[in-house]
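> Contents of run35.tsv (TSV, C-alpha atoms) are below:
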```tsv
chain	number	residue	atom	x	y	z
A	1	MET	CA	-45.25	62.57	89.50
A	2	ARG	CA	-43.11	60.90	86.87
A	3	PHE	CA	-40.84	63.76	85.98
A	4	THR	CA	-37.17	64.65	86.45
A	5	GLY	CA	-35.51	67.64	84.77
A	6	THR	CA	-36.92	68.07	81.27
A	7	ARG	CA	-37.67	64.43	80.65
A	8	ILE	CA	-40.04	61.81	81.89
A	9	VAL	CA	-38.25	59.08	83.80
A	10	ALA	CA	-38.43	56.22	81.29
A	11	LEU	CA	-36.03	53.43	82.09
A	12	CYS	CA	-35.46	49.93	80.62
A	13	ALA	CA	-34.95	46.16	80.94
A	14	GLY	CA	-33.80	42.88	82.79
A	15	ALA	CA	-34.51	39.55	84.93
A	16	LEU	CA	-36.04	39.28	88.41
A	17	VAL	CA	-34.58	38.29	91.75
A	18	ILE	CA	-36.71	38.90	94.86
A	19	ILE	CA	-34.79	39.65	98.02
A	20	GLY	CA	-36.03	39.26	101.55
A	21	VAL	CA	-36.60	42.51	103.44
A	22	ALA	CA	-37.88	43.41	106.87
A	23	LEU	CA	-40.57	45.96	106.15
A	24	ALA	CA	-43.91	45.56	107.90
A	25	LEU	CA	-46.38	48.41	107.62
A	26	PRO	CA	-49.90	48.29	109.02
A	27	ALA	CA	-52.81	47.95	106.59
A	28	PHE	CA	-55.04	51.01	106.36
A	29	ALA	CA	-58.69	51.47	105.58
A	30	ALA	CA	-58.47	53.53	102.41
A	31	SER	CA	-61.00	56.34	102.05
A	32	PRO	CA	-61.36	59.46	99.90
A	33	GLY	CA	-60.34	62.85	101.27
A	34	LYS	CA	-61.07	66.49	100.53
A	35	ASN	CA	-59.40	67.96	97.46
A	36	GLY	CA	-56.51	70.27	98.23
A	37	ARG	CA	-53.97	72.04	96.03
A	38	ILE	CA	-52.39	70.57	92.91
A	39	LEU	CA	-48.59	70.47	92.86
A	40	PHE	CA	-46.63	70.51	89.60
A	41	SER	CA	-43.22	71.23	88.09
A	42	SER	CA	-42.64	74.01	85.58
A	43	ASN	CA	-39.95	75.82	83.62
A	44	ARG	CA	-42.25	78.83	83.21
A	45	GLY	CA	-40.57	82.21	82.95
A	46	GLN	CA	-37.47	80.85	81.20
A	47	SER	CA	-36.23	82.56	78.05
A	48	ASP	CA	-35.04	79.18	76.79
A	49	GLN	CA	-37.98	76.78	77.12
A	50	ALA	CA	-35.73	73.83	76.28
A	51	ALA	CA	-33.55	74.52	79.32
A	52	ALA	CA	-33.68	72.06	82.21
A	53	VAL	CA	-34.63	74.75	84.72
A	54	TYR	CA	-37.59	73.53	86.74
A	55	ASP	CA	-39.22	74.49	90.01
A	56	ILE	CA	-42.18	73.24	92.00
A	57	TYR	CA	-45.45	75.16	92.10
A	58	SER	CA	-48.89	74.68	93.62
A	59	MET	CA	-52.35	75.90	92.61
A	60	ASN	CA	-55.98	75.56	93.54
A	61	PRO	CA	-57.93	72.72	91.87
A	62	ASP	CA	-59.40	75.25	89.41
A	63	GLY	CA	-55.94	76.50	88.36
A	64	SER	CA	-56.07	79.74	90.33
A	65	ASP	CA	-53.64	81.11	92.94
A	66	VAL	CA	-50.43	79.65	91.48
A	67	LYS	CA	-47.60	79.76	94.01
A	68	ARG	CA	-43.92	79.02	93.47
A	69	LEU	CA	-42.53	76.75	96.19
A	70	THR	CA	-38.88	76.35	95.12
A	71	THR	CA	-36.55	78.87	93.48
A	72	ASP	CA	-33.36	76.92	92.77
A	73	GLY	CA	-34.36	75.90	89.23
A	74	LYS	CA	-33.35	72.32	89.95
A	75	SER	CA	-36.39	70.80	91.66
A	76	SER	CA	-39.20	68.62	90.34
A	77	GLY	CA	-41.25	65.51	91.07
A	78	PRO	CA	-43.40	66.67	94.02
A	79	ALA	CA	-45.16	64.01	96.11
A	80	ALA	CA	-47.61	65.17	98.78
A	81	SER	CA	-47.65	63.41	102.16
A	82	PRO	CA	-50.92	61.69	103.16
A	83	ASP	CA	-51.86	64.58	105.45
A	84	GLY	CA	-50.96	67.21	102.82
A	85	ARG	CA	-48.47	68.96	105.13
A	86	ARG	CA	-45.20	67.87	103.53
A	87	ILE	CA	-43.84	67.49	100.01
A	88	ALA	CA	-41.12	65.05	98.99
A	89	PHE	CA	-39.36	65.98	95.76
A	90	VAL	CA	-36.29	65.47	93.58
A	91	SER	CA	-33.49	67.99	93.19
A	92	ASN	CA	-29.94	68.15	91.90
A	93	ARG	CA	-29.22	71.40	93.76
A	94	ASP	CA	-26.27	69.70	95.49
A	95	GLY	CA	-24.92	67.85	92.46
A	96	ASP	CA	-26.65	64.47	92.28
A	97	TYR	CA	-30.38	63.89	91.97
A	98	ASP	CA	-31.48	63.23	95.55
A	99	LEU	CA	-34.72	63.25	97.53
A	100	TYR	CA	-35.68	66.23	99.65
A	101	VAL	CA	-38.69	67.14	101.78
A	102	MET	CA	-40.27	70.49	102.59
A	103	ASN	CA	-43.42	71.87	104.15
A	104	ALA	CA	-46.44	72.41	101.90
A	105	ASP	CA	-45.61	76.13	101.68
A	106	GLY	CA	-42.04	75.46	100.53
A	107	SER	CA	-40.40	76.17	103.89
A	108	GLN	CA	-38.02	74.02	105.95
A	109	VAL	CA	-36.33	72.11	103.14
A	110	SER	CA	-34.23	69.13	104.25
A	111	ARG	CA	-32.27	66.54	102.32
A	112	LEU	CA	-33.31	62.89	102.68
A	113	THR	CA	-30.80	61.02	100.51
A	114	ASN	CA	-27.16	61.69	99.76
A	115	VAL	CA	-25.90	58.82	97.63
A	116	LYS	CA	-24.04	58.89	94.33
A	117	GLY	CA	-26.51	58.33	91.48
A	118	VAL	CA	-30.10	59.28	90.76
A	119	ASP	CA	-32.90	59.01	93.33
A	120	SER	CA	-36.30	59.97	91.91
A	121	VAL	CA	-40.09	59.46	91.79
A	122	PRO	CA	-40.92	59.39	95.54
A	123	SER	CA	-44.27	58.07	96.80
A	124	TRP	CA	-45.40	58.16	100.45
A	125	SER	CA	-46.65	55.21	102.45
A	126	PRO	CA	-50.24	55.86	103.59
A	127	ASP	CA	-49.17	56.36	107.21
A	128	GLY	CA	-46.51	58.90	106.20
A	129	THR	CA	-43.64	56.97	107.78
A	130	HIS	CA	-41.86	55.79	104.61
A	131	LEU	CA	-41.11	56.74	101.01
A	132	VAL	CA	-40.74	54.37	98.09
A	133	PHE	CA	-38.66	55.63	95.16
A	134	THR	CA	-36.46	54.76	92.18
A	135	SER	CA	-32.69	54.67	92.62
A	136	ASP	CA	-29.73	53.54	90.56
A	137	ARG	CA	-27.38	53.69	93.57
A	138	GLY	CA	-26.67	49.99	93.09
A	139	GLY	CA	-25.69	50.49	89.44
A	140	ASN	CA	-29.14	49.82	87.99
A	141	PRO	CA	-32.55	51.48	88.52
A	142	ASP	CA	-34.51	49.56	91.16
A	143	ILE	CA	-37.23	50.22	93.72
A	144	TRP	CA	-36.11	51.27	97.21
A	145	VAL	CA	-37.79	52.30	100.46
A	146	ILE	CA	-36.55	54.68	103.16
A	147	ALA	CA	-38.01	56.00	106.38
A	148	ALA	CA	-39.53	59.46	106.10
A	149	ASP	CA	-36.45	60.96	107.76
A	150	GLY	CA	-34.17	59.40	105.12
A	151	SER	CA	-32.87	56.55	107.26
A	152	ALA	CA	-33.01	52.75	106.86
A	153	PRO	CA	-32.82	52.28	103.05
A	154	ILE	CA	-34.18	48.93	101.83
A	155	GLN	CA	-33.91	47.64	98.27
A	156	LEU	CA	-37.14	45.97	97.10
A	157	THR	CA	-36.20	44.88	93.57
A	158	THR	CA	-32.90	43.60	92.18
A	159	HIS	CA	-33.83	43.00	88.57
A	160	ALA	CA	-31.06	42.87	86.00
A	161	GLY	CA	-33.01	45.41	83.96
A	162	ARG	CA	-34.74	48.54	85.24
A	163	ASP	CA	-37.66	49.02	87.64
A	164	PHE	CA	-39.04	52.53	88.20
A	165	ASP	CA	-42.11	54.72	88.88
A	166	PRO	CA	-43.26	53.15	92.20
A	167	ALA	CA	-46.60	54.13	93.76
A	168	TRP	CA	-47.84	52.98	97.17
A	169	SER	CA	-51.40	51.68	97.46
A	170	PRO	CA	-53.73	53.52	99.87
A	171	ALA	CA	-54.02	50.39	102.04
A	172	GLY	CA	-50.24	50.21	102.38
A	173	THR	CA	-50.03	46.55	101.34
A	174	LEU	CA	-49.08	46.92	97.65
A	175	ILE	CA	-46.71	48.93	95.48
A	176	SER	CA	-47.24	49.34	91.75
A	177	PHE	CA	-44.27	50.12	89.52
A	178	SER	CA	-43.07	50.13	85.91
A	179	SER	CA	-40.51	47.78	84.39
A	180	THR	CA	-39.19	46.54	81.06
A	181	ARG	CA	-38.23	43.13	82.42
A	182	ASP	CA	-40.46	41.05	80.14
A	183	ASN	CA	-39.00	42.07	76.79
A	184	GLY	CA	-36.19	44.48	77.63
A	185	VAL	CA	-37.74	47.41	75.76
A	186	THR	CA	-41.43	48.06	76.42
A	187	GLN	CA	-42.44	49.48	79.80
A	188	GLN	CA	-45.22	47.67	81.66
A	189	VAL	CA	-47.07	48.11	84.95
A	190	TYR	CA	-46.44	45.60	87.72
A	191	VAL	CA	-47.59	45.26	91.31
A	192	MET	CA	-45.87	43.73	94.34
A	193	ASN	CA	-46.34	43.41	98.06
A	194	ALA	CA	-44.90	46.23	100.14
A	195	ASP	CA	-41.95	44.02	101.11
A	196	GLY	CA	-41.03	43.39	97.46
A	197	SER	CA	-42.51	39.90	97.20
A	198	GLY	CA	-45.25	38.66	94.85
A	199	GLN	CA	-44.30	40.72	91.79
A	200	LYS	CA	-46.95	40.44	89.07
A	201	LEU	CA	-47.46	41.86	85.56
A	202	LEU	CA	-50.73	43.78	85.11
A	203	THR	CA	-50.67	45.20	81.58
A	204	PRO	CA	-50.48	43.63	78.07
A	205	LEU	CA	-47.11	43.42	76.32
A	206	THR	CA	-48.55	44.65	73.02
A	207	SER	CA	-47.84	48.32	73.87
A	208	PHE	CA	-46.05	50.43	76.47
A	209	ASN	CA	-47.85	51.03	79.80
A	210	LEU	CA	-46.38	52.95	82.75
A	211	MET	CA	-46.83	55.79	85.30
A	212	SER	CA	-49.31	54.02	87.59
A	213	THR	CA	-51.19	55.86	90.33
A	214	TRP	CA	-53.80	54.56	92.80
A	215	ALA	CA	-57.34	55.79	93.35
A	216	PRO	CA	-57.73	57.03	96.94
A	217	ASP	CA	-59.96	54.08	97.86
A	218	GLY	CA	-57.56	51.60	96.26
A	219	SER	CA	-60.16	50.25	93.83
A	220	ARG	CA	-58.51	51.39	90.57
A	221	ILE	CA	-55.08	52.17	89.13
A	222	ALA	CA	-54.69	54.88	86.50
A	223	PHE	CA	-51.75	54.69	84.09
A	224	LEU	CA	-50.35	55.86	80.76
A	225	SER	CA	-50.80	53.60	77.73
A	226	GLY	CA	-49.71	53.83	74.10
A	227	ARG	CA	-52.01	51.10	72.83
A	228	ASP	CA	-54.11	53.50	70.73
A	229	GLY	CA	-51.30	55.21	68.85
A	230	THR	CA	-51.11	58.25	71.11
A	231	LYS	CA	-50.41	58.40	74.82
A	232	GLU	CA	-53.67	58.18	76.75
A	233	VAL	CA	-54.73	57.76	80.38
A	234	TYR	CA	-56.26	54.39	81.21
A	235	ALA	CA	-57.52	52.82	84.44
A	236	MET	CA	-57.73	49.22	85.64
A	237	ASN	CA	-58.49	47.12	88.68
A	238	PRO	CA	-55.57	46.31	91.01
A	239	ASP	CA	-55.39	42.80	89.53
A	240	GLY	CA	-55.07	44.14	85.96
A	241	THR	CA	-58.66	43.41	84.89
A	242	GLY	CA	-61.19	45.97	83.68
A	243	GLN	CA	-58.79	48.16	81.68
A	244	THR	CA	-60.67	51.18	80.31
A	245	ARG	CA	-59.68	54.35	78.49
A	246	ILE	CA	-60.15	57.69	80.30
A	247	THR	CA	-58.76	60.28	77.87
A	248	ASP	CA	-59.32	60.32	74.11
A	249	ASP	CA	-57.42	63.13	72.41
A	250	PRO	CA	-55.11	63.41	69.39
A	251	ASN	CA	-52.48	64.94	71.68
A	252	ASN	CA	-50.43	62.99	74.24
A	253	ASP	CA	-51.91	62.62	77.74
A	254	GLU	CA	-49.73	61.25	80.54
A	255	GLN	CA	-48.63	61.55	84.19
A	256	PRO	CA	-52.06	60.92	85.78
A	257	THR	CA	-52.83	61.61	89.44
A	258	TRP	CA	-56.15	61.06	91.25
A	259	SER	CA	-58.01	63.76	93.10
A	260	PRO	CA	-58.26	62.97	96.83
A	261	ASP	CA	-62.06	62.58	96.54
A	262	GLY	CA	-61.57	60.00	93.75
A	263	LYS	CA	-63.83	61.79	91.25
A	264	GLN	CA	-61.22	63.36	88.92
A	265	ILE	CA	-57.80	62.74	87.44
A	266	ALA	CA	-55.26	65.49	86.80
A	267	PHE	CA	-52.77	64.85	84.01
A	268	LEU	CA	-50.23	66.38	81.63
A	269	ARG	CA	-51.38	67.10	78.08
A	270	LEU	CA	-48.62	67.75	75.55
A	271	ILE	CA	-49.61	69.89	72.57
A	272	GLY	CA	-46.53	70.17	70.42
A	273	SER	CA	-43.66	71.17	72.71
A	274	ASN	CA	-45.99	72.81	75.22
A	275	GLY	CA	-47.23	70.96	78.28
A	276	ASP	CA	-50.08	71.97	80.56
A	277	ILE	CA	-52.07	70.51	83.44
A	278	TRP	CA	-55.61	69.29	82.76
A	279	THR	CA	-58.29	67.52	84.79
A	280	ILE	CA	-60.95	65.05	83.69
A	281	GLY	CA	-63.73	63.06	85.33
A	282	VAL	CA	-62.93	59.41	86.03
A	283	ASP	CA	-65.63	58.53	83.48
A	284	GLY	CA	-63.78	60.51	80.79
A	285	SER	CA	-66.09	63.53	80.85
A	286	GLY	CA	-65.49	67.21	81.57
A	287	ALA	CA	-61.86	67.65	80.46
A	288	ARG	CA	-60.64	71.04	81.67
A	289	ARG	CA	-57.38	72.91	81.10
A	290	LEU	CA	-55.90	74.40	84.29
A	291	THR	CA	-52.65	75.99	83.08
A	292	SER	CA	-51.79	77.78	79.84
A	293	ASP	CA	-48.22	78.93	80.31
A	294	PRO	CA	-45.95	78.96	77.22
A	295	GLY	CA	-43.48	76.80	79.15
A	296	VAL	CA	-43.92	73.22	80.29
A	297	ASP	CA	-46.14	72.53	83.30
A	298	ALA	CA	-45.85	68.83	84.14
A	299	GLY	CA	-46.03	66.09	86.74
A	300	PRO	CA	-49.24	67.00	88.61
A	301	GLU	CA	-49.72	65.69	92.15
A	302	TRP	CA	-53.09	66.31	93.81
A	303	ALA	CA	-52.69	66.86	97.55
A	304	VAL	CA	-55.35	66.31	100.17
A	305	ALA	CA	-56.68	69.45	101.84
A	306	VAL	CA	-54.73	70.18	105.00
A	307	LYS	CA	-56.75	69.83	108.16
A	308	SER	CA	-56.04	72.23	111.00
A	309	PRO	CA	-55.14	70.12	114.02
A	310	SER	CA	-56.94	70.72	117.29
A	311	PRO	CA	-56.08	69.41	120.76
A	312	PRO	CA	-58.33	66.79	122.45
A	313	THR	CA	-59.75	69.45	124.77
A	314	GLY	CA	-58.87	73.05	125.46
A	315	SER	CA	-56.70	75.42	123.46
A	316	CYS	CA	-53.00	74.88	122.79
A	317	THR	CA	-50.80	76.66	125.31
A	318	ILE	CA	-47.58	75.50	123.60
A	319	THR	CA	-47.59	74.96	119.82
A	320	GLY	CA	-44.99	73.58	117.43
A	321	THR	CA	-44.57	74.11	113.71
A	322	ALA	CA	-45.21	71.80	110.74
A	323	GLY	CA	-41.63	70.50	111.05
A	324	ALA	CA	-39.92	68.39	113.72
A	325	ASN	CA	-40.11	70.01	117.16
A	326	THR	CA	-38.94	69.46	120.73
A	327	LEU	CA	-41.65	70.93	122.95
A	328	ASN	CA	-41.33	71.07	126.74
A	329	GLY	CA	-44.12	71.90	129.12
A	330	THR	CA	-44.08	73.96	132.27
A	331	ALA	CA	-44.81	73.05	135.87
A	332	LYS	CA	-48.43	73.99	135.21
A	333	ALA	CA	-51.11	72.05	133.32
A	334	ASP	CA	-50.29	72.46	129.62
A	335	VAL	CA	-51.90	71.67	126.29
A	336	ILE	CA	-48.88	70.99	124.06
A	337	CYS	CA	-49.56	70.57	120.33
A	338	GLY	CA	-47.18	69.46	117.61
A	339	LEU	CA	-48.51	70.32	114.14
A	340	GLY	CA	-46.56	67.78	112.08
A	341	GLY	CA	-43.19	66.15	111.64
A	342	LYS	CA	-41.33	63.99	114.14
A	343	ASP	CA	-42.04	65.74	117.44
A	344	THR	CA	-40.69	65.13	120.93
A	345	ILE	CA	-43.17	66.44	123.49
A	346	ARG	CA	-42.59	66.36	127.24
A	347	GLY	CA	-44.85	67.49	130.04
A	348	ARG	CA	-43.06	68.82	133.10
A	349	GLY	CA	-45.77	68.72	135.73
A	350	GLY	CA	-49.49	69.08	136.23
A	351	ASN	CA	-52.20	67.28	134.28
A	352	ASP	CA	-51.05	67.82	130.71
A	353	ILE	CA	-52.61	67.16	127.31
A	354	LEU	CA	-50.06	66.21	124.67
A	355	ARG	CA	-51.02	66.04	121.00
A	356	GLY	CA	-48.48	64.88	118.46
A	357	GLY	CA	-50.27	65.60	115.20
A	358	PRO	CA	-49.11	63.90	111.95
A	359	GLY	CA	-45.72	62.17	112.06
A	360	ASN	CA	-43.85	59.73	114.30
A	361	ASP	CA	-43.96	61.41	117.69
A	362	SER	CA	-42.60	60.74	121.15
A	363	LEU	CA	-44.91	61.96	123.92
A	364	ASP	CA	-44.03	61.75	127.63
A	365	GLY	CA	-46.49	63.27	130.03
A	366	GLY	CA	-44.19	63.26	133.05
A	367	PRO	CA	-45.68	63.64	136.54
A	368	GLY	CA	-49.45	64.09	136.77
A	369	LYS	CA	-52.55	62.62	135.16
A	370	ASP	CA	-51.75	63.22	131.52
A	371	VAL	CA	-53.50	62.54	128.20
A	372	ALA	CA	-51.31	61.70	125.19
A	373	ASP	CA	-52.83	61.74	121.69
A	374	GLY	CA	-50.25	60.67	119.12
A	375	GLY	CA	-52.36	61.41	116.03
A	376	PRO	CA	-51.43	59.90	112.61
A	377	GLY	CA	-48.11	58.03	112.38
A	378	ARG	CA	-46.16	55.65	114.59
A	379	ASP	CA	-46.10	57.25	118.01
A	380	VAL	CA	-44.65	56.35	121.41
A	381	CYS	CA	-46.69	57.61	124.34
A	382	VAL	CA	-46.03	57.59	128.08
A	383	ALA	CA	-49.12	58.83	129.90
A	384	GLU	CA	-52.03	57.68	132.03
A	385	THR	CA	-54.44	57.99	129.10
A	386	LYS	CA	-53.24	57.16	125.56
A	387	ARG	CA	-54.97	57.79	122.23
A	388	SER	CA	-53.71	56.85	118.74
A	389	CYS	CA	-50.42	55.60	120.16
```
Rewrite the coordinates I just gave you, this time as structure tokens.


Amino acid sequence: MRFTGTRIVALCAGALVIIGVALALPAFAASPGKNGRILFSSNRGQSDQAAAVYDIYSMNPDGSDVKRLTTDGKSSGPAASPDGRRIAFVSNRDGDYDLYVMNADGSQVSRLTNVKGVDSVPSWSPDGTHLVFTSDRGGNPDIWVIAADGSAPIQLTTHAGRDFDPAWSPAGTLISFSSTRDNGVTQQVYVMNADGSGQKLLTPLTSFNLMSTWAPDGSRIAFLSGRDGTKEVYAMNPDGTGQTRITDDPNNDEQPTWSPDGKQIAFLRLIGSNGDIWTIGVDGSGARRLTSDPGVDAGPEWAVAVKSPSPPTGSCTITGTAGANTLNGTAKADVICGLGGKDTIRGRGGNDILRGGPGNDSLDGGPGKDVADGGPGRDVCVAETKRSC
């Protein structure tokens, strides 16, 4: 999502200095997933459609079952976690534009950043442990990374101009972003290593190009381009070759996001002052309008379908929520299941089964012959048998 308030985040210019950072994420085998709900921001229901009153909504991939997830009128820019259970977003509900996170149903909202300035455009690392985002906390818009709990901020770019719109590759090794560093005015798409090194221009300087987003298998990058007179969605290889046009419409098409199965792209189409969410096949066929509200529906983000976790064997006797939990077992043999978030799970006695679920979990079986299954994320397990730890 490339959207804050009523305007697209479009920032400008400068000169590059790469700084050394200590950020080492594992590489992942990227693969398509099952299509889940589409998140978007909207000012629907407002008497003044020019007002900067936006909330986050979700809907089925066919546009049905629209649900409102925030109600403060100051939230936008949803970014779905890799497992589809959490949503990072931008809000100025507390004064400044900061990053927040909530469950996929809008519950358990927590603030991730609290720094003077504007933090925006979050994108998850593929293991769900970090977020990359744009921040001007240093006086100029640059690319930053934080842990998923908001800790350990690291600045990846220190350009004299403006770097923005970061997107993490599915393999976790690259980050694409937009910048005006080459001529101070026109936005272009760049790519860099996840530690900020190896920054490289991908798009031609003859027109503006921005809002990059990765295909779920990492083979293509979709982006907005103005090279044909109107704003259209294009796609290219990760090295900048093979640039092809996806949309072809007299209206402006922007803010692309891939479907988790890699077969479609959702995007914003602006017709006059009205904006709605559309989808199209990656070959440019089958354009379909999903929303038709008189307000502005923008910044689509296509989440993966949420999988219901199940324990290694047996049914859960103690179950957490989608947030961070501290779960303690009993003196008997327990099956303790965390459903997501940063869980602390402890067995008290007996032969326990501990399942962390998505997130960075701490699992300690305690006395007995225990099985610890950390699940997705960076987990710490203390048990006789360890899985995904």

> For stretch 218-220 of chain A, work out the shell of residues within 12 Å, counting all atoms listed in the file and skipping chain neighbours fewer than 3 positions away, then give it as a short mmCIF file (atom, residue, chain, number, x, y, z; two decimals) with C-alpha atoms, in the frame of the given file.


```cif
data_model
loop_
_atom_site.label_atom_id
_atom_site.label_comp_id
_atom_site.auth_asym_id
_atom_site.auth_seq_id
_atom_site.Cartn_x
_atom_site.Cartn_y
_atom_site.Cartn_z
CA ALA A 27 -52.81 47.95 106.59
CA PHE A 28 -55.04 51.01 106.36
CA ALA A 29 -58.69 51.47 105.58
CA ALA A 30 -58.47 53.53 102.41
CA SER A 31 -61.00 56.34 102.05
CA PRO A 32 -61.36 59.46 99.90
CA PRO A 126 -50.24 55.86 103.59
CA ALA A 167 -46.60 54.13 93.76
CA TRP A 168 -47.84 52.98 97.17
CA SER A 169 -51.40 51.68 97.46
CA PRO A 170 -53.73 53.52 99.87
CA ALA A 171 -54.02 50.39 102.04
CA GLY A 172 -50.24 50.21 102.38
CA THR A 173 -50.03 46.55 101.34
CA LEU A 174 -49.08 46.92 97.65
CA ILE A 175 -46.71 48.93 95.48
CA SER A 176 -47.24 49.34 91.75
CA SER A 212 -49.31 54.02 87.59
CA THR A 213 -51.19 55.86 90.33
CA TRP A 214 -53.80 54.56 92.80
CA ALA A 215 -57.34 55.79 93.35
CA PHE A 223 -51.75 54.69 84.09
CA TYR A 234 -56.26 54.39 81.21
CA ALA A 235 -57.52 52.82 84.44
CA MET A 236 -57.73 49.22 85.64
CA ASN A 237 -58.49 47.12 88.68
CA PRO A 238 -55.57 46.31 91.01
CA ASP A 239 -55.39 42.80 89.53
CA GLY A 240 -55.07 44.14 85.96
CA THR A 241 -58.66 43.41 84.89
CA GLY A 242 -61.19 45.97 83.68
CA GLN A 243 -58.79 48.16 81.68
CA THR A 244 -60.67 51.18 80.31
CA THR A 257 -52.83 61.61 89.44
CA TRP A 258 -56.15 61.06 91.25
CA PRO A 260 -58.26 62.97 96.83
CA ASP A 261 -62.06 62.58 96.54
CA GLY A 262 -61.57 60.00 93.75
CA LYS A 263 -63.83 61.79 91.25
CA ILE A 265 -57.80 62.74 87.44
CA VAL A 282 -62.93 59.41 86.03
#
```

> Per residue of stretch 147-255 of chain A within 12 Å of stretch 84-100 of chain A, which atom pair is closest and at what distance in Å (one decimal), using all atoms listed in the file, listed by chain and increasing number, as CSV?


```
residue,atom,partner,partner_atom,distance
A:Ala147,CA,A:Leu99,CA,11.9
A:Ala148,CA,A:Ala88,CA,9.2
A:Asp149,CA,A:Tyr100,CA,9.7
A:Gly150,CA,A:Leu99,CA,8.5
A:Ser151,CA,A:Leu99,CA,12.0
```

> Any chance you could export the current selection's C-alpha atoms as a PDB file, keeping the file's coordinate frame?


```
ATOM      1  CA  ALA A 147     -38.010  56.000 106.380  1.00  0.00           C
ATOM      2  CA  ALA A 148     -39.530  59.460 106.100  1.00  0.00           C
ATOM      3  CA  ASP A 149     -36.450  60.960 107.760  1.00  0.00           C
ATOM      4  CA  GLY A 150     -34.170  59.400 105.120  1.00  0.00           C
ATOM      5  CA  SER A 151     -32.870  56.550 107.260  1.00  0.00           C
TER       6      SER A 151
END
```

> Looking at A:Ala222, A:Leu339, A:Val109, A:Val304, which one is nearest to A:Ile246, with distances taken over only C-alpha atoms?

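Of the candidates, the smallest distance to A:Ile246 is held by A:Ala222.
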
> Measuring between all atoms listed in the file, which one of A:Asp136, A:Asp142, A:Asp343, A:Asp65 shows the shortest distance to A:Asp165?

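With all atoms listed in the file as the atom set, the closest residue is A:Asp142.
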
> Measuring between all atoms listed in the file, which one of A:Thr326, A:Asn252, A:Thr317, A:Thr71 shows the shortest distance to A:Gly106?

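Among A:Thr326, A:Asn252, A:Thr317, A:Thr71, it is A:Thr71 that comes nearest to A:Gly106.
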
> Can you measure atom CA of A:Asp83 to atom CA of A:Pro216 for me? One decimal in Å is fine.

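Atom-to-atom, atom CA of A:Asp83 to atom CA of A:Pro216, that is 12.8 Å.
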
> Nearest residue to A:Ala324 out of A:Gly226, A:Pro78, A:Gly357, A:Gly73, using all atoms listed in the file?

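Between A:Gly226, A:Pro78, A:Gly357, A:Gly73, the residue approaching A:Ala324 most closely is A:Gly357.
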
> Using all atoms listed in the file, which residue out of A:Gln255, A:Asn60, A:Ser81, A:Asn193 lies closest to A:Gly299?

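Ranked by minimum distance to A:Gly299, first place goes to A:Gln255.
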
> Counting all atoms listed in the file, select every polymer residue within 9 Å of (-51.8, 55.5, 75.0) as defined in the file's coordinates, and provide the selection as a PyMOL selection string.

chain A and resi 207-209+224-234+245+247-248+252-254

> So how far away is atom CA of A:Pro166 from atom CA of A:Tyr54, in Å?

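Straight-line distance from atom CA of A:Tyr54 to atom CA of A:Pro166 works out to 21.8 Å.
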